[in-house]
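> This is start12.txt (compact mmCIF, C-alpha atoms).
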# COMPACT_ATOMS: atom_id res chain seq x y z
CA MET A 15 19.06 23.49 -6.52
CA LYS A 16 15.80 24.18 -8.32
CA ILE A 17 12.90 21.80 -7.87
CA TYR A 18 11.95 21.99 -11.53
CA THR A 19 14.20 20.63 -14.26
CA LYS A 20 11.92 20.96 -17.31
CA THR A 21 13.14 17.52 -18.46
CA GLY A 22 9.64 16.09 -18.12
CA ASP A 23 7.83 18.79 -20.04
CA ASP A 24 7.55 16.53 -23.09
CA GLY A 25 5.65 13.81 -21.19
CA GLU A 26 8.66 11.63 -20.50
CA THR A 27 10.63 10.83 -17.38
CA GLY A 28 13.85 9.00 -16.70
CA LEU A 29 14.12 5.68 -14.93
CA PHE A 30 17.01 5.20 -12.50
CA GLY A 31 19.86 3.64 -14.45
CA GLY A 32 17.65 3.22 -17.45
CA PRO A 33 15.97 4.89 -20.39
CA ARG A 34 13.48 7.70 -20.58
CA VAL A 35 9.89 6.49 -20.85
CA ARG A 36 6.47 8.06 -21.27
CA LYS A 37 4.89 9.16 -17.99
CA ASP A 38 2.00 6.74 -18.50
CA HIS A 39 4.35 3.73 -18.85
CA LEU A 40 3.30 0.73 -16.73
CA ARG A 41 6.42 1.10 -14.57
CA ILE A 42 5.62 4.77 -13.84
CA GLU A 43 2.01 3.86 -13.06
CA ALA A 44 3.22 1.17 -10.66
CA TYR A 45 5.69 3.21 -8.65
CA GLY A 46 3.47 6.29 -8.86
CA THR A 47 0.62 4.38 -7.23
CA VAL A 48 2.99 3.04 -4.56
CA ASP A 49 4.00 6.66 -3.94
CA GLU A 50 0.33 7.64 -3.71
CA LEU A 51 -0.20 4.89 -1.13
CA ASN A 52 2.75 6.22 0.85
CA ALA A 53 1.21 9.71 0.82
CA VAL A 54 -2.13 8.30 1.99
CA LEU A 55 -0.35 6.54 4.86
CA GLY A 56 1.25 9.87 5.75
CA GLN A 57 -2.24 11.33 5.90
CA VAL A 58 -3.43 8.38 8.02
CA ARG A 59 -0.68 9.20 10.52
CA THR A 60 -2.07 12.74 10.96
CA HIS A 61 -4.98 11.13 12.84
CA ALA A 62 -2.61 10.46 15.76
CA PRO A 63 -2.76 6.66 15.80
CA PRO A 64 -1.62 4.91 18.97
CA ASP A 65 2.16 4.61 19.23
CA ASP A 66 2.24 0.95 18.21
CA LEU A 67 0.25 1.62 15.03
CA ASP A 68 2.19 4.78 14.24
CA ALA A 69 5.54 2.98 14.50
CA LEU A 70 4.22 0.19 12.26
CA LEU A 71 2.95 2.68 9.67
CA ALA A 72 6.27 4.56 9.73
CA ARG A 73 8.14 1.33 9.02
CA ILE A 74 5.76 0.52 6.18
CA GLN A 75 6.25 3.98 4.66
CA ASN A 76 10.00 3.34 4.50
CA GLU A 77 9.41 -0.08 2.96
CA LEU A 78 7.15 1.50 0.34
CA PHE A 79 10.02 3.83 -0.60
CA ASP A 80 12.20 0.73 -0.99
CA LEU A 81 9.57 -0.84 -3.24
CA GLY A 82 9.23 2.38 -5.23
CA ALA A 83 12.99 2.56 -5.76
CA GLU A 84 12.97 -1.03 -6.99
CA LEU A 85 10.14 -0.28 -9.41
CA ALA A 86 11.83 2.92 -10.67
CA THR A 87 14.91 0.90 -11.65
CA PRO A 88 14.72 -1.49 -14.61
CA GLU A 89 17.71 -3.46 -13.24
CA PRO A 90 17.49 -2.99 -9.46
CA ARG A 91 20.01 -5.72 -8.53
CA LYS A 92 22.63 -4.12 -10.80
CA PHE A 93 22.36 -0.93 -8.72
CA GLY A 94 22.14 -2.63 -5.32
CA ILE A 95 18.47 -1.82 -4.76
CA ALA A 96 16.89 -4.48 -2.60
CA GLY A 97 13.21 -3.51 -2.61
CA VAL A 98 10.96 -5.70 -0.46
CA GLY A 99 11.12 -9.44 0.08
CA GLY A 100 10.43 -12.31 2.41
CA ALA A 101 11.46 -10.57 5.64
CA GLN A 102 9.12 -7.63 5.06
CA ILE A 103 6.28 -9.92 4.00
CA ALA A 104 6.76 -12.06 7.14
CA ALA A 105 6.71 -8.90 9.29
CA LEU A 106 3.38 -7.88 7.76
CA GLU A 107 1.96 -11.35 8.45
CA GLN A 108 3.14 -11.17 12.07
CA ALA A 109 1.50 -7.75 12.45
CA ILE A 110 -1.76 -9.09 11.01
CA ASP A 111 -1.72 -12.05 13.42
CA ARG A 112 -0.88 -9.80 16.39
CA HIS A 113 -3.67 -7.29 15.70
CA GLU A 114 -6.27 -9.93 14.84
CA THR A 115 -6.05 -11.20 18.42
CA GLU A 116 -7.87 -7.99 19.46
CA LEU A 117 -10.74 -8.61 17.05
CA GLU A 118 -13.82 -10.75 16.86
CA PRO A 119 -13.67 -13.15 13.90
CA LEU A 120 -15.37 -11.81 10.80
CA ARG A 121 -18.58 -13.57 9.86
CA GLN A 122 -19.72 -11.21 7.12
CA PHE A 123 -18.59 -8.28 5.00
CA ILE A 124 -18.33 -4.95 6.77
CA LEU A 125 -18.69 -1.38 5.59
CA PRO A 126 -15.62 0.86 5.63
CA GLY A 127 -15.84 3.75 8.05
CA GLY A 128 -15.97 4.41 11.75
CA THR A 129 -13.39 6.73 13.27
CA PRO A 130 -11.43 9.13 11.04
CA LEU A 131 -8.37 6.92 11.61
CA ALA A 132 -10.21 3.74 10.58
CA ALA A 133 -11.84 5.40 7.57
CA SER A 134 -8.42 6.66 6.42
CA LEU A 135 -6.96 3.18 6.83
CA HIS A 136 -9.73 1.86 4.58
CA VAL A 137 -8.83 4.47 1.95
CA ALA A 138 -5.19 3.36 2.22
CA ARG A 139 -6.35 -0.24 1.78
CA VAL A 140 -8.10 0.45 -1.51
CA VAL A 141 -5.17 2.51 -2.83
CA CYS A 142 -2.94 -0.42 -1.84
CA ARG A 143 -5.14 -2.78 -3.87
CA ARG A 144 -4.83 -0.44 -6.86
CA ALA A 145 -1.04 -0.43 -6.47
CA GLU A 146 -1.15 -4.22 -6.39
CA ARG A 147 -3.11 -4.28 -9.65
CA ARG A 148 -0.55 -1.93 -11.24
CA LEU A 149 2.28 -4.27 -10.21
CA VAL A 150 0.42 -7.26 -11.65
CA SER A 151 0.12 -5.40 -14.97
CA LEU A 152 3.81 -4.46 -14.90
CA ASP A 153 4.82 -8.01 -14.03
CA ARG A 154 2.82 -9.36 -16.96
CA ALA A 155 4.69 -7.00 -19.31
CA GLU A 156 8.20 -7.10 -17.80
CA GLN A 157 8.31 -10.00 -15.30
CA ILE A 158 9.44 -8.00 -12.27
CA GLY A 159 9.00 -10.89 -9.85
CA PRO A 160 6.34 -11.72 -7.27
CA GLU A 161 7.69 -10.10 -4.08
CA GLY A 162 6.17 -6.66 -4.61
CA VAL A 163 2.75 -8.10 -5.43
CA VAL A 164 2.81 -10.40 -2.39
CA TYR A 165 3.96 -7.52 -0.17
CA LEU A 166 1.09 -5.28 -1.31
CA ASN A 167 -1.41 -8.12 -0.98
CA ARG A 168 -0.40 -8.64 2.66
CA LEU A 169 -0.27 -4.91 3.29
CA SER A 170 -3.85 -4.44 2.13
CA ASP A 171 -4.90 -7.23 4.50
CA LEU A 172 -3.01 -5.53 7.32
CA LEU A 173 -4.61 -2.16 6.58
CA PHE A 174 -8.04 -3.81 6.78
CA VAL A 175 -7.15 -5.36 10.15
CA LEU A 176 -5.73 -2.06 11.41
CA ALA A 177 -8.95 -0.24 10.43
CA ARG A 178 -10.96 -2.75 12.42
CA THR A 179 -8.48 -2.47 15.30
CA ALA A 180 -8.73 1.33 15.32
CA ASN A 181 -12.53 1.12 15.55
CA ARG A 182 -12.44 -1.54 18.26
CA ARG A 183 -9.99 0.48 20.35
CA ALA A 184 -12.37 3.45 20.00
CA GLY A 185 -15.28 1.29 21.16
CA LEU A 186 -16.98 1.11 17.76
CA ALA A 187 -18.35 -2.15 16.40
CA ASP A 188 -17.95 -3.25 12.80
CA VAL A 189 -20.92 -2.21 10.67
CA PRO A 190 -22.13 -5.21 8.67
CA TRP A 191 -22.95 -4.90 5.00
CA ARG A 192 -26.59 -5.48 4.23
CA LYS A 193 -27.97 -5.87 0.75
CA SER A 194 -29.75 -2.67 -0.23
CA SER A 195 -32.99 -4.65 -0.48
CA GLU A 196 -32.58 -5.60 3.22
CA ALA A 197 -31.45 -2.22 4.57
Would you encode the structure as structure tokens?


Amino acid sequence: MKIYTKTGDDGETGLFGGPRVRKDHLRIEAYGTVDELNAVLGQVRTHAPPDDLDALLARIQNELFDLGAELATPEPRKFGIAGVGGAQIAALEQAIDRHETELEPLRQFILPGGTPLAASLHVARVVCRRAERRLVSLDRAEQIGPEGVVYLNRLSDLLFVLARTANRRAGLADVPWRKSSEA
């Protein structure tokens, strides 16, 4: 089987069980950004996170594939594609709560950075926020439902907490944001 099909050479791609659309269609932007987030999480995992974080990130990568499949299908229920929902959102909330117990409460904004693992988690967080914005745009146009947006909203919160956790476990304190006039 060849990797190239030439069917997208005209700037269109096919949706699963649906029509061909332009490659800049809102739906393609949405699942493409979810795919980008998944790739960034793969890169995060190259920083050898502790086993508990690595297992969590691996699970999330699989869930992002589920979300991407849902977004790539105009009628996901018709094809038995479940996507993400309440159980996955609850699991993210539980992970946030569990990891926040290791952290001091935030009293101010912090700068992204620290260890390579934490800095990469911050990059994943901002890509996640972009994916969330793409889903909001798609939902406005096609009413896809709220689960994907809620999932990505919680995931970005989790990635922020995990970045802080990675720094704390490495013995690095959060770096507070200071207005440039105060720095």

> Excluding Ile95 of chain A and any residue of its chain fewer than 6 positions from it, enumerate the residues within 10 Å of it, using all atoms listed in the file, and give them as an mmCIF file with C-alpha atoms, in the frame of the given file.


data_model
loop_
_atom_site.group_PDB
_atom_site.id
_atom_site.type_symbol
_atom_site.label_atom_id
_atom_site.label_comp_id
_atom_site.auth_asym_id
_atom_site.auth_seq_id
_atom_site.Cartn_x
_atom_site.Cartn_y
_atom_site.Cartn_z
ATOM 1 C CA ASP A 80 12.200 0.730 -0.990
ATOM 2 C CA LEU A 81 9.570 -0.840 -3.240
ATOM 3 C CA ALA A 83 12.990 2.560 -5.760
ATOM 4 C CA GLU A 84 12.970 -1.030 -6.990
ATOM 5 C CA LEU A 85 10.140 -0.280 -9.410
ATOM 6 C CA THR A 87 14.910 0.900 -11.650
ATOM 7 C CA GLU A 89 17.710 -3.460 -13.240
#

> Tell me which of A:Leu169, A:Leu106, A:Ala96, A:Leu135 sits closest to Phe79 of chain A, counting all atoms listed in the file.

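The shortest atom-to-atom distance to Phe79 of chain A comes from A:Ala96.
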
> Which one is closest to Pro160 of chain A: A:Pro126, A:Ala133, A:Ile103, A:Val48? Count only C-alpha atoms.

A:Ile103

> Fewer than 5 positions away in the same chain doesn't count, so skip those; otherwise give me all residues within 10 Å of Arg178 of chain A, counting only C-alpha atoms, as an MDAnalysis selection string.

chainID A and resid 113:114 116:118 124 126:129 132:133 135:136 172:173 183:184 186:188

> Which of these residues is nearest to Asp171 of chain A, using only C-alpha atoms: A:Ile110, A:Gln157, A:Arg192, A:Ala105?

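Between A:Ile110, A:Gln157, A:Arg192, A:Ala105, the residue approaching Asp171 of chain A most closely is A:Ile110.
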
> So, with only C-alpha atoms as the atoms that count, which of A:Leu40, A:Leu131, A:Leu125, A:Ala69 lies closest to Gln57 of chain A?

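The closest residue to Gln57 of chain A is A:Leu131.
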
> Leaving out Ala53 of chain A and any residue of its chain fewer than 2 positions from it, which residues lie within 12 Å of it when counting all atoms listed in the file, given as a list in words?

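Counting all atoms listed in the file, the residues come to Gly46, Thr47, Val48, Asp49, Glu50, Leu51, Leu55, Gly56, Gln57, Val58, Arg59, Thr60, Leu71, Ala72, Ile74, Gln75, Asn76, Leu78, Phe79, Ser134, Val137, Ala138, Val141 and Cys142 of chain A.
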
> With all atoms listed in the file as the atoms that count, which of A:Asp23, A:Thr115, A:Asn167, A:Leu152 lies nearest to Val140 of chain A?

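With all atoms listed in the file as the atom set, the closest residue is A:Asn167.
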
> Would you mind telling me which residue in A:Gly22, A:Ala109, A:Pro90, A:Ala62 lies nearest to Phe174 of chain A when using all atoms listed in the file?

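With all atoms listed in the file as the atom set, the closest residue is A:Ala109.
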
> If you measure from atom CA of Arg73 of chain A to atom CA of Phe123 of chain A, what distance in Å do you get, rounded to one decimal?

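Interatomic distance here is 28.7 Å.
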
> How many Å separate atom CA of Pro88 of chain A from atom CA of Arg41 of chain A?

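The value is 8.7 Å.
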
> Work out how far atom CA of Ile42 of chain A is from atom CA of Leu67 of chain A, in Å to one decimal.

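Distance reported for this atom pair: 29.5 Å.
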